[in-house]
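S.K.: Sharing structure35.txt below, compact mmCIF, C-alpha atoms and all ligand atoms:
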# COMPACT_ATOMS: atom_id res chain seq x y z
CA MET A 1 72.53 112.12 59.58
CA ALA A 2 71.86 114.43 62.51
CA GLY A 3 72.83 114.94 66.16
CA LEU A 4 71.03 115.65 69.42
CA TYR A 5 72.61 117.95 72.01
CA ILE A 6 71.22 118.17 75.56
CA HIS A 7 72.41 120.99 77.78
CA ILE A 8 72.77 120.71 81.56
CA PRO A 9 73.46 124.23 82.89
CA TYR A 10 74.51 123.34 86.46
CA CYS A 11 78.03 123.37 87.92
CA HIS A 12 79.33 122.75 91.43
CA SER A 13 81.03 126.16 91.32
CA LYS A 14 82.24 128.62 88.71
CA CYS A 15 85.67 128.05 87.16
CA ALA A 16 87.67 131.27 86.98
CA TYR A 17 87.97 131.32 83.17
CA CYS A 18 84.44 130.23 82.28
CA ASP A 19 81.92 132.45 80.53
CA PHE A 20 79.42 129.70 79.67
CA TYR A 21 75.91 130.03 80.96
CA SER A 22 75.88 127.90 84.11
CA THR A 23 74.76 128.13 87.72
CA PRO A 24 75.69 126.43 91.00
CA ASN A 25 72.09 126.85 92.19
CA VAL A 26 70.71 123.33 91.70
CA LYS A 27 67.34 123.97 93.35
CA SER A 28 65.57 124.03 89.99
CA MET A 29 67.30 120.89 88.68
CA GLU A 30 64.35 118.48 88.92
CA GLN A 31 61.98 120.92 87.25
CA TYR A 32 64.61 121.68 84.64
CA VAL A 33 64.87 118.00 83.75
CA ASP A 34 61.08 117.82 83.44
CA ALA A 35 61.24 120.81 81.09
CA LEU A 36 64.00 119.15 79.05
CA LYS A 37 61.88 116.05 78.61
CA LYS A 38 58.98 118.21 77.50
CA GLU A 39 61.16 119.95 74.94
CA ILE A 40 62.35 116.61 73.59
CA VAL A 41 58.71 115.60 72.97
CA LEU A 42 57.87 118.93 71.35
CA ARG A 43 60.91 119.21 69.09
CA ILE A 44 62.30 115.77 68.35
CA SER A 45 60.63 115.67 64.93
CA GLU A 46 62.16 119.02 63.94
CA LEU A 47 64.93 117.26 62.05
CA ASN A 48 64.20 115.34 58.88
CA GLU A 49 67.22 113.11 59.23
CA PRO A 50 67.88 110.21 61.57
CA ILE A 51 69.76 111.11 64.77
CA ARG A 52 73.05 109.21 64.94
CA THR A 53 74.86 111.00 67.76
CA VAL A 54 73.81 112.24 71.20
CA TYR A 55 75.92 114.63 73.28
CA ILE A 56 75.06 115.63 76.84
CA GLY A 57 77.07 118.74 77.65
CA GLY A 58 77.11 121.63 80.04
CA GLY A 59 77.67 122.97 82.57
CA THR A 60 78.50 119.75 84.31
CA PRO A 61 76.23 116.86 83.32
CA SER A 62 78.07 114.53 85.69
CA LEU A 63 76.61 116.36 88.69
CA LEU A 64 73.08 115.31 87.74
CA PRO A 65 71.76 112.64 90.09
CA ILE A 66 71.74 109.31 88.27
CA SER A 67 67.95 109.02 88.51
CA LEU A 68 67.49 112.35 86.69
CA LEU A 69 70.03 111.50 84.01
CA LYS A 70 68.32 108.18 83.48
CA SER A 71 64.92 109.80 83.12
CA ILE A 72 66.27 112.03 80.32
CA ILE A 73 67.73 109.07 78.48
CA VAL A 74 64.55 107.04 78.91
CA GLU A 75 62.70 109.93 77.24
CA VAL A 76 65.23 110.11 74.41
CA SER A 77 65.04 106.35 73.89
CA LYS A 78 61.33 106.64 73.04
CA TYR A 79 62.37 108.34 69.81
CA ILE A 80 65.91 107.19 69.13
CA ASP A 81 67.49 103.73 69.03
CA ILE A 82 70.20 104.32 71.66
CA ASP A 83 71.97 101.03 70.84
CA GLY A 84 72.22 102.07 67.20
CA LEU A 85 73.94 105.41 67.90
CA GLU A 86 77.35 106.00 66.39
CA GLU A 87 78.40 108.02 69.40
CA PHE A 88 76.82 108.84 72.75
CA THR A 89 78.97 111.27 74.72
CA ILE A 90 78.60 112.76 78.17
CA GLU A 91 80.80 115.50 79.58
CA ALA A 92 82.14 114.87 83.07
CA ASN A 93 84.36 116.46 85.65
CA PRO A 94 86.95 114.11 87.19
CA GLU A 95 85.67 114.59 90.75
CA ASP A 96 82.25 113.19 89.80
CA ILE A 97 83.50 109.99 88.21
CA THR A 98 82.78 107.10 90.55
CA GLN A 99 82.29 103.40 89.88
CA LYS A 100 78.57 103.81 90.52
CA TRP A 101 78.32 106.62 87.98
CA ILE A 102 80.28 104.67 85.36
CA ASP A 103 78.11 101.57 85.82
CA ALA A 104 75.01 103.72 85.44
CA ILE A 105 76.07 105.55 82.28
CA LYS A 106 77.20 102.28 80.68
CA GLN A 107 73.82 100.79 81.36
CA MET A 108 72.18 103.84 79.77
CA GLY A 109 74.15 103.31 76.54
CA VAL A 110 76.72 106.11 76.90
CA ASN A 111 79.88 105.03 75.07
CA ARG A 112 82.10 108.10 75.27
CA VAL A 113 83.18 110.42 78.09
CA SER A 114 84.67 113.87 77.58
CA MET A 115 86.53 114.99 80.66
CA GLY A 116 87.66 118.47 81.72
CA ILE A 117 91.18 117.74 82.97
CA GLN A 118 92.60 121.21 82.07
CA SER A 119 96.00 120.71 83.74
CA PHE A 120 98.01 118.14 85.67
CA SER A 121 99.40 120.82 87.99
CA ASP A 122 97.42 121.16 91.21
CA VAL A 123 98.68 124.73 91.58
CA GLU A 124 97.27 125.68 88.18
CA LEU A 125 94.00 123.82 88.83
CA ASN A 126 93.63 125.73 92.06
CA GLU A 127 94.36 129.03 90.33
CA ILE A 128 91.45 128.51 87.94
CA ASN A 129 89.08 127.24 90.66
CA ARG A 130 88.82 123.68 89.46
CA ARG A 131 87.64 121.29 92.16
CA HIS A 132 89.68 118.23 91.20
CA THR A 133 93.35 117.34 91.52
CA ALA A 134 95.66 115.84 88.94
CA GLN A 135 95.46 112.48 90.73
CA MET A 136 91.65 112.52 90.58
CA ALA A 137 91.82 112.94 86.78
CA LEU A 138 94.27 110.03 86.48
CA ASP A 139 92.10 107.85 88.72
CA ALA A 140 89.01 108.72 86.67
CA VAL A 141 90.71 107.69 83.41
CA ASN A 142 91.79 104.37 84.98
CA MET A 143 88.37 103.69 86.38
CA LEU A 144 86.67 104.36 83.04
CA ARG A 145 89.07 102.10 81.21
CA GLU A 146 88.82 99.29 83.73
CA SER A 147 85.06 99.47 83.29
CA GLY A 148 85.34 99.15 79.52
CA ILE A 149 84.78 102.79 78.54
CA ASN A 150 87.75 103.45 76.28
CA ARG A 151 86.33 106.25 74.19
CA ILE A 152 87.64 109.00 76.43
CA SER A 153 88.52 112.56 75.52
CA GLY A 154 90.51 114.82 77.84
CA ASP A 155 90.60 118.63 77.72
CA LEU A 156 93.70 120.65 78.55
CA ILE A 157 94.17 124.43 78.63
CA TYR A 158 97.41 126.22 77.79
CA GLY A 159 98.39 129.81 78.55
CA LEU A 160 97.10 129.43 82.13
CA PRO A 161 98.13 132.01 84.75
CA GLY A 162 101.54 131.12 86.09
CA GLN A 163 102.01 128.30 83.58
CA ASP A 164 105.47 128.24 82.02
CA ILE A 165 106.69 126.10 79.15
CA ASP A 166 107.96 123.33 81.44
CA SER A 167 104.68 123.09 83.26
CA TRP A 168 102.79 122.91 79.95
CA LYS A 169 105.15 120.21 78.72
CA TYR A 170 104.54 118.27 81.93
CA SER A 171 100.72 118.38 81.59
CA LEU A 172 100.75 117.63 77.88
CA ASP A 173 103.26 114.79 78.13
CA LEU A 174 101.33 113.20 80.97
CA LEU A 175 98.12 113.40 78.96
CA LEU A 176 99.84 111.94 75.89
CA SER A 177 101.27 109.10 77.97
CA LEU A 178 97.68 108.02 78.67
CA GLN A 179 97.19 107.44 74.92
CA LEU A 180 93.56 108.51 75.00
CA PRO A 181 91.86 108.17 71.62
CA HIS A 182 91.05 111.88 71.63
CA PHE A 183 92.04 115.11 73.36
CA SER A 184 91.40 118.83 73.10
CA ALA A 185 93.87 121.60 73.90
CA TYR A 186 92.46 125.11 74.23
CA LEU A 187 94.33 128.35 74.47
CA LEU A 188 93.06 130.25 77.51
CA SER A 189 91.18 133.39 76.68
CA TYR A 190 90.30 136.03 79.24
CA GLU A 191 86.59 136.62 78.68
CA GLN A 192 84.86 139.66 80.15
CA GLY A 193 82.72 138.80 83.15
CA THR A 194 84.94 135.95 84.33
CA LYS A 195 86.89 135.91 87.59
CA LEU A 196 90.14 135.64 85.67
CA TYR A 197 89.30 138.72 83.65
CA VAL A 198 88.73 140.67 86.88
CA ARG A 199 92.08 139.43 88.19
CA LEU A 200 93.73 140.41 84.91
CA MET A 201 92.27 143.92 85.08
CA ALA A 202 93.42 144.22 88.70
CA GLY A 203 96.95 143.26 87.66
CA LYS A 204 96.88 140.11 89.78
CA VAL A 205 97.52 137.77 86.85
CA GLU A 206 99.34 138.25 83.59
CA GLU A 207 98.33 137.05 80.16
CA ALA A 208 100.82 134.59 78.62
CA SER A 209 103.06 136.38 76.13
CA GLU A 210 102.63 135.72 72.41
CA GLU A 211 106.10 134.20 72.38
CA LEU A 212 105.23 131.73 75.15
CA VAL A 213 101.89 130.81 73.55
CA ASN A 214 103.65 130.16 70.22
CA GLU A 215 106.19 127.96 71.97
CA MET A 216 103.42 126.02 73.72
CA TYR A 217 101.49 125.56 70.48
CA LYS A 218 104.59 124.41 68.63
CA TYR A 219 105.34 121.84 71.32
CA LEU A 220 101.70 120.73 71.23
CA ILE A 221 101.62 119.97 67.52
CA ILE A 222 105.05 118.34 67.44
CA ARG A 223 104.33 116.05 70.40
CA ALA A 224 100.81 115.22 69.25
CA HIS A 225 102.15 114.07 65.87
CA GLU A 226 104.95 112.09 67.51
CA GLU A 227 102.34 110.24 69.55
CA GLY A 228 100.26 109.40 66.47
CA TYR A 229 97.48 111.97 66.80
CA VAL A 230 95.78 113.68 63.88
CA HIS A 231 95.30 117.41 64.40
CA TYR A 232 91.91 117.60 62.77
CA GLU A 233 90.56 120.86 64.21
CA ILE A 234 92.32 123.86 65.73
CA SER A 235 91.86 122.53 69.29
CA ASN A 236 91.16 118.85 68.64
CA PHE A 237 93.42 115.84 68.20
CA SER A 238 92.51 112.21 67.67
CA LYS A 239 93.95 108.83 66.91
CA THR A 240 92.98 107.55 63.44
CA ASN A 241 89.20 107.19 63.11
CA CYS A 242 88.60 108.49 66.64
CA GLU A 243 87.46 112.02 65.77
CA ALA A 244 84.53 113.34 67.81
CA ILE A 245 81.68 112.48 65.44
CA HIS A 246 79.06 114.75 67.01
CA ASN A 247 81.26 117.84 67.02
CA THR A 248 82.68 117.12 63.59
CA ASN A 249 79.15 117.19 62.21
CA TYR A 250 78.70 120.76 63.48
CA TRP A 251 81.74 121.73 61.45
CA ARG A 252 80.37 119.93 58.40
CA ASP A 253 77.17 122.02 58.42
CA LEU A 254 75.02 118.96 59.26
CA PRO A 255 71.74 119.36 61.18
CA TYR A 256 71.43 119.05 64.95
CA LEU A 257 68.81 119.64 67.58
CA GLY A 258 69.84 121.43 70.78
CA ILE A 259 67.64 120.90 73.84
CA GLY A 260 67.89 123.00 77.01
CA VAL A 261 68.78 126.57 77.93
CA SER A 262 71.21 128.35 75.62
CA ALA A 263 71.23 125.35 73.25
CA HIS A 264 71.51 126.00 69.53
CA SER A 265 69.84 124.03 66.74
CA PHE A 266 70.25 123.87 62.98
CA ASP A 267 67.79 121.99 60.78
CA GLY A 268 69.77 122.43 57.57
CA GLN A 269 68.10 125.75 56.81
CA CYS A 270 67.32 127.69 59.99
CA ARG A 271 69.25 128.21 63.21
CA ARG A 272 67.34 128.41 66.47
CA VAL A 273 68.60 129.33 69.91
CA ASN A 274 67.06 128.90 73.35
CA PRO A 275 67.63 132.00 75.52
CA PRO A 276 69.91 131.57 78.58
CA ASN A 277 67.28 131.83 81.29
CA ILE A 278 66.48 128.72 83.36
CA LYS A 279 63.42 130.17 85.11
CA ASN A 280 61.76 131.21 81.87
CA TYR A 281 62.75 127.96 80.17
CA VAL A 282 61.18 125.84 82.90
CA SER A 283 57.95 127.80 83.16
CA GLN A 284 57.42 128.00 79.39
CA LEU A 285 58.24 124.38 78.63
CA LEU A 286 56.14 123.05 81.49
CA ALA A 287 53.26 125.08 80.03
CA GLY A 288 53.88 123.37 76.69
CA ASN A 289 55.57 126.28 74.89
CA CYS A 290 58.91 126.21 73.11
CA VAL A 291 61.22 129.13 73.86
CA PHE A 292 63.55 129.08 70.88
CA GLU A 293 64.21 132.21 68.88
CA LEU A 294 64.93 132.05 65.19
CA GLU A 295 68.31 133.51 64.37
CA ASP A 296 68.41 136.04 61.61
CA GLU A 297 69.89 133.83 58.93
CA ASN A 298 70.48 135.46 55.60
CA ALA A 299 72.77 134.11 52.91
CA GLN A 300 75.57 136.33 54.19
CA ASN A 301 75.68 135.09 57.76
CA ARG A 302 75.12 131.48 56.67
CA HIS A 303 78.24 131.94 54.59
CA ASN A 304 80.16 133.46 57.48
CA ASP A 305 79.11 130.71 59.89
CA TYR A 306 80.39 128.13 57.44
CA ILE A 307 83.71 129.95 56.95
CA ILE A 308 84.30 130.22 60.70
CA VAL A 309 83.72 126.55 61.42
CA ALA A 310 85.33 125.16 58.27
CA LEU A 311 88.53 127.16 58.61
CA ARG A 312 88.98 125.83 62.13
CA THR A 313 89.32 122.32 60.71
CA ALA A 314 92.39 120.75 59.16
CA LYS A 315 90.39 119.77 56.08
CA GLY A 316 89.16 123.32 55.69
CA ILE A 317 86.58 124.55 53.23
CA ASP A 318 85.01 121.90 51.03
CA LEU A 319 85.26 123.69 47.67
CA GLU A 320 82.53 121.71 45.98
CA HIS A 321 80.09 122.42 48.82
CA TYR A 322 81.23 126.04 48.93
CA ASN A 323 80.82 126.68 45.21
CA ARG A 324 77.44 124.96 45.16
CA THR A 325 76.13 126.93 48.15
CA TYR A 326 77.83 130.33 48.16
CA ASN A 327 78.73 132.83 45.55
CA TYR A 328 82.03 134.52 46.41
CA ASP A 329 85.41 134.34 44.78
CA ILE A 330 87.17 132.71 47.68
CA LEU A 331 90.32 131.67 45.83
CA ASP A 332 91.11 135.27 45.01
CA ILE A 333 91.16 136.14 48.72
CA ALA A 334 93.16 133.02 49.51
CA LYS A 335 95.84 133.60 46.87
CA PRO A 336 98.30 135.68 48.95
CA TYR A 337 97.90 133.34 51.92
CA ILE A 338 98.60 130.32 49.72
CA GLU A 339 101.69 132.03 48.31
CA GLU A 340 102.95 132.78 51.83
CA GLY A 341 102.35 129.15 52.90
CA LYS A 342 99.67 130.17 55.41
CA MET A 343 96.94 128.32 53.54
CA VAL A 344 96.91 125.05 51.64
CA LEU A 345 94.88 124.45 48.49
CA THR A 346 94.13 120.93 47.28
CA LYS A 347 91.82 119.80 44.47
CA THR A 348 88.92 119.58 46.92
CA HIS A 349 89.69 121.80 49.92
CA LEU A 350 91.15 125.10 51.09
CA ALA A 351 92.58 125.07 54.62
CA ILE A 352 94.74 127.08 56.99
CA ALA A 353 98.20 125.49 57.29
CA GLU A 354 98.74 123.81 60.66
CA ASP A 355 101.56 126.15 61.73
CA TYR A 356 99.21 129.11 61.30
CA MET A 357 96.10 127.71 63.00
CA LEU A 358 96.91 129.74 66.09
CA ILE A 359 96.27 132.92 64.06
CA SER A 360 93.29 131.46 62.22
CA ASP A 361 91.00 134.20 63.61
CA ARG A 362 93.05 136.86 61.84
CA ILE A 363 93.05 134.94 58.54
CA MET A 364 89.33 134.17 58.74
CA LEU A 365 88.48 137.86 58.97
CA ASP A 366 89.46 138.29 55.33
CA PHE A 367 86.92 135.66 54.27
CA ILE A 368 84.01 137.13 56.19
CA VAL A 369 81.56 139.01 53.98
S1 LIG B 401 82.69 123.07 85.00
FE1 LIG B 401 82.77 123.74 82.86
S2 LIG B 401 80.87 124.85 82.49
FE2 LIG B 401 81.11 124.65 84.72
S3 LIG B 401 82.06 126.55 85.38
FE3 LIG B 401 83.70 125.07 85.01
S4 LIG B 401 84.31 125.34 82.85
FE4 LIG B 401 82.33 126.37 83.14
If you convert what's in this file into structure tokens, what do you get?

M.R.:
Amino acid sequence: MAGLYIHIPYCHSKCAYCDFYSTPNVKSMEQYVDALKKEIVLRISELNEPIRTVYIGGGTPSLLPISLLKSIIVEVSKYIDIDGLEEFTIEANPEDITQKWIDAIKQMGVNRVSMGIQSFSDVELNEINRRHTAQMALDAVNMLRESGINRISGDLIYGLPGQDIDSWKYSLDLLLSLQLPHFSAYLLSYEQGTKLYVRLMAGKVEEASEELVNEMYKYLIIRAHEEGYVHYEISNFSKTNCEAIHNTNYWRDLPYLGIGVSAHSFDGQCRRVNPPNIKNYVSQLLAGNCVFELEDENAQNRHNDYIIVALRTAKGIDLEHYNRTYNYDILDIAKPYIEEGKMVLTKTHLAIAEDYMLISDRIMLDFIV
């Protein structure tokens, strides 16, 4: 089973924390969509397995005019049975969700919406340059549900500038009260090149202390469990059987095809990446040329890629898969962590214990070869 990812690199404006490749300049949007459709034709047969999930991400896919979105999906439907998909997700920002948009995506076969809520405090949303308000996010969830789209995921961020523990509890508790089947909670990171990073360097904002972040994380995992969520990946929580199928397959080393600028692909052997340059992407694809570059994939970095994604999940490293595919004595490295209770070893898997997922990056380093 495989997945198809389609990248829409346009955003209304730049959020203060975001270092993704995106642009507010939508002048090239129509040509970009033509190029996307061309790439679908050229590369759809790259995978040898049937495509069971489609994910339209960004950027902000919900700012695409409905006619352009539809034309992409019509192209996809020439090769894939949309009605037979296990999951068809589109990312959306709350301010774009209207009844007209919902009716359109339903008609196109989309059955899951992933929404960037980030916070239920308007002050915090304003601080990170989000364009919506808390009420808009609540209205969007209601509208989706009333229209029969119940597979909704909401994103929150913790460690935001000015956010204290009470404010985090407020946002999280409000999200949990919605009982969405899935949510993600990300710890804010100050990435170079972002507006927040500039403000941090200028001393205008302060990074949340380690103590506060630990308190927020602790509250997150306790409350998520109380509300019946499974913490199945460092930042992802779901009700039983509501995990994000498309994303989970990335973590399981399954193949996927990524279409659009800066999209990544993996055919089971090789990883390919499209460079982040819209102008070049459009001109090359419209001339019938693919732009992907093959990533230098030797056994060592294949191993490291697997470690990084697997150790982010609650299940962890699948030992049978690991021993069949890689040749390192992983249990030797894990031994002290298991003894300290930071890792958990079962008959089939090796994972980072939930309480230590926040420091998973530090633990992972020891497993990188
Ligand atoms: S909407 Fe998403 S992709 Fe666009 S700038 Fe904001 S965080 Fe980045």

S.K.: Write out as a count of residues only the residues lying within 10 Å of range 30-39 of chain A, counting only C-alpha atoms and excluding same-chain residues fewer than 6 positions away.

M.R.: 31

S.K.: Using CA of Val113 in chain A and CA of Asp355 in chain A as the two end points, give the distance in Å to one decimal.

M.R.: 29.2 Å

S.K.: Sorted by chain and rising residue number, list the residues of chain A at most 8 Å from ligand LIG 401 (chain B) (counting all atoms listed in the file), each with its closest atom pair and distance in Å to one decimal, as a tab-separated table.

M.R.:
residue	atom	partner	partner_atom	distance
A:Pro9	CA	B:LIG401	S2	7.4
A:Tyr10	CA	B:LIG401	FE2	7.0
A:Cys11	CA	B:LIG401	FE2	4.6
A:His12	CA	B:LIG401	FE2	7.2
A:Ser13	CA	B:LIG401	S3	6.0
A:Lys14	CA	B:LIG401	S3	3.9
A:Cys15	CA	B:LIG401	FE3	4.2
A:Ala16	CA	B:LIG401	S3	7.5
A:Tyr17	CA	B:LIG401	S4	7.0
A:Cys18	CA	B:LIG401	FE4	4.5
A:Asp19	CA	B:LIG401	FE4	6.6
A:Phe20	CA	B:LIG401	FE4	5.6
A:Tyr21	CA	B:LIG401	S2	7.3
A:Ser22	CA	B:LIG401	S2	6.1
A:Thr23	CA	B:LIG401	S3	7.8
A:Gly58	CA	B:LIG401	S2	5.5
A:Gly59	CA	B:LIG401	S2	3.7
A:Thr60	CA	B:LIG401	S1	5.4
A:Asn93	CA	B:LIG401	S1	6.8
A:Gly116	CA	B:LIG401	FE1	7.3
A:Arg130	CA	B:LIG401	FE3	6.9

S.K.: So the first atom is CA of Lys315 in chain A and the second is CA of Leu175 in chain A; what is the distance between them in Å, to one decimal place?

M.R.: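 Between CA of Lys315 in chain A and CA of Leu175 in chain A the gap is 25.0 Å.
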
S.K.: When you look at Glu49 in chain A with a cut-off of 12 Å (counting all atoms listed in the file), what residues show up, excluding the ones that are within fewer than 4 positions of it in the same chain? I need them as a PyMOL selection string.

M.R.: chain A and resi 1-4+44-45+53+80+254-257+266-268

S.K.: Applying 12 Å and only C-alpha atoms, which residues near range 211-227 of chain A remain after dropping the ones on its own chain fewer than 6 positions away? List them as a PDB file with C-alpha atoms, in the coordinates of the input.

M.R.:
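Listed below is the output, out_22.pdb:
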ATOM      1  CA  LEU A 156      93.700 120.650  78.550  1.00  0.00           C
ATOM      2  CA  ILE A 157      94.170 124.430  78.630  1.00  0.00           C
ATOM      3  CA  TYR A 158      97.410 126.220  77.790  1.00  0.00           C
ATOM      4  CA  GLY A 159      98.390 129.810  78.550  1.00  0.00           C
ATOM      5  CA  LEU A 160      97.100 129.430  82.130  1.00  0.00           C
ATOM      6  CA  PRO A 161      98.130 132.010  84.750  1.00  0.00           C
ATOM      7  CA  GLY A 162     101.540 131.120  86.090  1.00  0.00           C
ATOM      8  CA  GLN A 163     102.010 128.300  83.580  1.00  0.00           C
ATOM      9  CA  ASP A 164     105.470 128.240  82.020  1.00  0.00           C
ATOM     10  CA  ILE A 165     106.690 126.100  79.150  1.00  0.00           C
ATOM     11  CA  ASP A 166     107.960 123.330  81.440  1.00  0.00           C
ATOM     12  CA  SER A 167     104.680 123.090  83.260  1.00  0.00           C
ATOM     13  CA  TRP A 168     102.790 122.910  79.950  1.00  0.00           C
ATOM     14  CA  LYS A 169     105.150 120.210  78.720  1.00  0.00           C
ATOM     15  CA  TYR A 170     104.540 118.270  81.930  1.00  0.00           C
ATOM     16  CA  SER A 171     100.720 118.380  81.590  1.00  0.00           C
ATOM     17  CA  LEU A 172     100.750 117.630  77.880  1.00  0.00           C
ATOM     18  CA  ASP A 173     103.260 114.790  78.130  1.00  0.00           C
ATOM     19  CA  LEU A 174     101.330 113.200  80.970  1.00  0.00           C
ATOM     20  CA  LEU A 175      98.120 113.400  78.960  1.00  0.00           C
ATOM     21  CA  LEU A 176      99.840 111.940  75.890  1.00  0.00           C
ATOM     22  CA  SER A 177     101.270 109.100  77.970  1.00  0.00           C
ATOM     23  CA  LEU A 178      97.680 108.020  78.670  1.00  0.00           C
ATOM     24  CA  GLN A 179      97.190 107.440  74.920  1.00  0.00           C
ATOM     25  CA  LEU A 180      93.560 108.510  75.000  1.00  0.00           C
ATOM     26  CA  PRO A 181      91.860 108.170  71.620  1.00  0.00           C
ATOM     27  CA  HIS A 182      91.050 111.880  71.630  1.00  0.00           C
ATOM     28  CA  PHE A 183      92.040 115.110  73.360  1.00  0.00           C
ATOM     29  CA  SER A 184      91.400 118.830  73.100  1.00  0.00           C
ATOM     30  CA  ALA A 185      93.870 121.600  73.900  1.00  0.00           C
ATOM     31  CA  TYR A 186      92.460 125.110  74.230  1.00  0.00           C
ATOM     32  CA  LEU A 187      94.330 128.350  74.470  1.00  0.00           C
ATOM     33  CA  LEU A 188      93.060 130.250  77.510  1.00  0.00           C
ATOM     34  CA  SER A 189      91.180 133.390  76.680  1.00  0.00           C
ATOM     35  CA  GLU A 233      90.560 120.860  64.210  1.00  0.00           C
ATOM     36  CA  ILE A 234      92.320 123.860  65.730  1.00  0.00           C
ATOM     37  CA  SER A 235      91.860 122.530  69.290  1.00  0.00           C
ATOM     38  CA  ASN A 236      91.160 118.850  68.640  1.00  0.00           C
ATOM     39  CA  PHE A 237      93.420 115.840  68.200  1.00  0.00           C
ATOM     40  CA  SER A 238      92.510 112.210  67.670  1.00  0.00           C
ATOM     41  CA  LYS A 239      93.950 108.830  66.910  1.00  0.00           C
ATOM     42  CA  THR A 240      92.980 107.550  63.440  1.00  0.00           C
ATOM     43  CA  GLU A 354      98.740 123.810  60.660  1.00  0.00           C
ATOM     44  CA  ASP A 355     101.560 126.150  61.730  1.00  0.00           C
ATOM     45  CA  TYR A 356      99.210 129.110  61.300  1.00  0.00           C
ATOM     46  CA  MET A 357      96.100 127.710  63.000  1.00  0.00           C
ATOM     47  CA  LEU A 358      96.910 129.740  66.090  1.00  0.00           C
ATOM     48  CA  ILE A 359      96.270 132.920  64.060  1.00  0.00           C
TER      49      ILE A 359
END

S.K.: Write out as a PyMOL selection string which residues come within 9 Å of range 134-137 of chain A when counting only C-alpha atoms, dropping same-chain ones fewer than 6 positions away.

M.R.: chain A and resi 93-95+97+115-117+119-122+125

S.K.: How many Å lie between CA of Val273 in chain A and CA of Arg151 in chain A, rounded to one decimal?

M.R.: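 According to the coordinates, CA of Val273 in chain A and CA of Arg151 in chain A are separated by 29.4 Å.
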
S.K.: May I ask which of the residues A:Asp253, A:Ala263, A:Val205, A:Asn277 is the closest one to Arg302 in chain A, counting all atoms listed in the file?

M.R.: A:Asp253

S.K.: Between A:Leu144, A:Ile51, A:Met108, A:Cys242, which has the minimum distance to Asp96 in chain A (counting all atoms listed in the file)?

M.R.: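 Checking each candidate against Asp96 in chain A, we get A:Leu144 as the closest.
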
S.K.: For Thr89 in chain A, which residue among A:Val141, A:Ile307, A:Ile245, A:Cys270 is the nearest when counting only C-alpha atoms?

M.R.: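 Nearest to Thr89 in chain A: A:Ile245.
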
S.K.: Nearest residue to Asn249 in chain A out of A:Val309, A:Met364, A:Ile40, A:Leu196, using only C-alpha atoms?

M.R.: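 Comparing A:Val309, A:Met364, A:Ile40, A:Leu196 against Asn249 in chain A, the winner is A:Val309.
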
S.K.: Write out as an NGL selection string the residues lying within 8 Å of range 98-106 of chain A, counting all atoms listed in the file and excluding same-chain residues fewer than 3 positions away.

M.R.: :A and (66 or 109-111 or 140 or 143-144 or 147 or 149)

S.K.: Will you model N, CA and C atoms for range 309-320 of chain A and pass it back as an mmCIF file, in the frame of the given file?

M.R.:
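Wrote it out as result.cif, contents follow:
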data_model
loop_
_atom_site.group_PDB
_atom_site.id
_atom_site.type_symbol
_atom_site.label_atom_id
_atom_site.label_comp_id
_atom_site.auth_asym_id
_atom_site.auth_seq_id
_atom_site.Cartn_x
_atom_site.Cartn_y
_atom_site.Cartn_z
ATOM 1 N N VAL A 309 83.521 127.928 60.933
ATOM 2 C CA VAL A 309 83.720 126.550 61.420
ATOM 3 C C VAL A 309 84.651 125.769 60.492
ATOM 4 N N ALA A 310 84.510 125.966 59.190
ATOM 5 C CA ALA A 310 85.330 125.160 58.270
ATOM 6 C C ALA A 310 86.809 125.499 58.382
ATOM 7 N N LEU A 311 87.104 126.783 58.545
ATOM 8 C CA LEU A 311 88.530 127.160 58.610
ATOM 9 C C LEU A 311 89.183 126.815 59.945
ATOM 10 N N ARG A 312 88.390 126.357 60.887
ATOM 11 C CA ARG A 312 88.980 125.830 62.130
ATOM 12 C C ARG A 312 89.430 124.373 61.945
ATOM 13 N N THR A 313 88.990 123.736 60.883
ATOM 14 C CA THR A 313 89.320 122.320 60.710
ATOM 15 C C THR A 313 90.533 122.141 59.806
ATOM 16 N N ALA A 314 91.210 121.018 59.983
ATOM 17 C CA ALA A 314 92.390 120.750 59.160
ATOM 18 C C ALA A 314 92.012 120.545 57.699
ATOM 19 N N LYS A 315 90.829 119.974 57.468
ATOM 20 C CA LYS A 315 90.390 119.770 56.080
ATOM 21 C C LYS A 315 90.069 121.100 55.428
ATOM 22 N N GLY A 316 89.471 121.989 56.200
ATOM 23 C CA GLY A 316 89.160 123.320 55.690
ATOM 24 C C GLY A 316 87.858 123.373 54.913
ATOM 25 N N ILE A 317 87.809 124.311 53.989
ATOM 26 C CA ILE A 317 86.580 124.550 53.230
ATOM 27 C C ILE A 317 86.455 123.511 52.121
ATOM 28 N N ASP A 318 85.301 122.864 52.092
ATOM 29 C CA ASP A 318 85.010 121.900 51.030
ATOM 30 C C ASP A 318 84.608 122.723 49.799
ATOM 31 N N LEU A 319 85.475 122.758 48.790
ATOM 32 C CA LEU A 319 85.260 123.690 47.670
ATOM 33 C C LEU A 319 84.021 123.367 46.859
ATOM 34 N N GLU A 320 83.722 122.063 46.758
ATOM 35 C CA GLU A 320 82.530 121.710 45.980
ATOM 36 C C GLU A 320 81.275 122.212 46.689
#
